[in-house]
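Shown next, in structure tokens, is the structure this report addresses.
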Amino acid sequence: MKEHHICMVHIDLHYDADQSNLSNYMSLVPSHNNDLSIPEGVTFVGSINVPGVAQINGDITGEITCKELEVGPQGNIKGKVQAEGIEVHGQLENDINCKGLVKIFKTGKVSGKLSYLEIDIERGGQFVGVMSHTKS
């Protein structure tokens, strides 16, 4: 049986050095100063603001705002998402707003309301819901 960690907090990654130890308590692994990686097996409930790249292989329920979002094959996000670019290998659902390119790979599934500037759906990739094209 897999062990799951549940975190219920608000994270704003504009943190100073004294706050950087928050990631140790929440099993979140910053790969660079402004990037965030949530590994498989970690469940996060809350809001995340990431100035750089957010790599998600765990489960998120809530809101995520970031520059670039990468949803890995094991990643599952339910909630409100705002990003400049999104790559989906796992699952992304609910309210998604992308100011640039959304790329859904063959293992990816996006559902809900999607607003995008550009979209690329690889053969086998899935979208279910309502999508709207935004102008730059």
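If you're wondering about the labels, chains in the structure tokens are A, B, ... by order shown, residues count from 1 in each chain, ligands from 1 in order shown.
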Next on the checklist: Taking 3 positions as the minimum chain separation for residues in the same chain, which residues sit within 9 Å of Arg123 of chain A when counting only C-alpha atoms? Answer as a ChimeraX atom specification.
Outcome noted: /A:105-106,126
Atoms to include: C-alpha atoms. Write the selected residues as a compact mmCIF listing (two decimals), in the first residue's frame.
# COMPACT_ATOMS: atom_id res chain seq x y z
CA PHE A 105 0.74 14.54 -24.93
CA LYS A 106 -0.56 11.05 -25.85
CA GLN A 126 -7.61 13.79 -24.71
Item to check | Separation of atom CA of Thr134 of chain A from atom CA of Gly72 of chain A in Å | outcome: 25.3 Å
Item to check | Which of A:Leu92, A:Ile86, A:Val102, A:Ile48 sits closest to Glu70 of chain A [using only C-alpha atoms] | outcome: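 Selected residue with least distance to Glu70 of chain A: A:Ile86.
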What lies within 6 Å of Gly112 of chain A using only C-alpha atoms, ignoring chain neighbours under 2 positions off, as a PDB file with N, CA and C atoms, in the first residue's frame?
ATOM      1  N   GLU A  93      -7.687  19.009 -14.632  1.00  0.00           N
ATOM      2  CA  GLU A  93      -9.120  19.251 -14.782  1.00  0.00           C
ATOM      3  C   GLU A  93      -9.618  20.459 -14.005  1.00  0.00           C
ATOM      4  N   ASN A  94     -10.704  20.987 -14.472  1.00  0.00           N
ATOM      5  CA  ASN A  94     -11.495  22.096 -13.951  1.00  0.00           C
ATOM      6  C   ASN A  94     -11.285  23.357 -14.757  1.00  0.00           C
ATOM      7  N   GLY A 129     -14.535  18.855 -22.632  1.00  0.00           N
ATOM      8  CA  GLY A 129     -15.013  20.072 -21.988  1.00  0.00           C
ATOM      9  C   GLY A 129     -15.227  21.196 -22.977  1.00  0.00           C
TER      10      GLY A 129
END
Checklist entry - Which residue out of A:Ile56, A:Val50, A:Ile119, A:Ile104 has the minimum interatomic distance to Gln74 of chain A when only C-alpha atoms are used? => result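 Looking only at the distances to Gln74 of chain A, the closest residue turns out to be A:Ile56.
Closest approach to Gln82 of chain A among A:Gly46, A:Thr107, A:Tyr116, A:Gly58 is made by A:Tyr116 (distances from only C-alpha atoms).
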Next on the checklist: Given only C-alpha atoms as the basis, pick out the residue of A:Lys78, A:Asp120, A:Gly41, A:Ala83 nearest to Val53 of chain A.
Outcome noted: A:Ala83
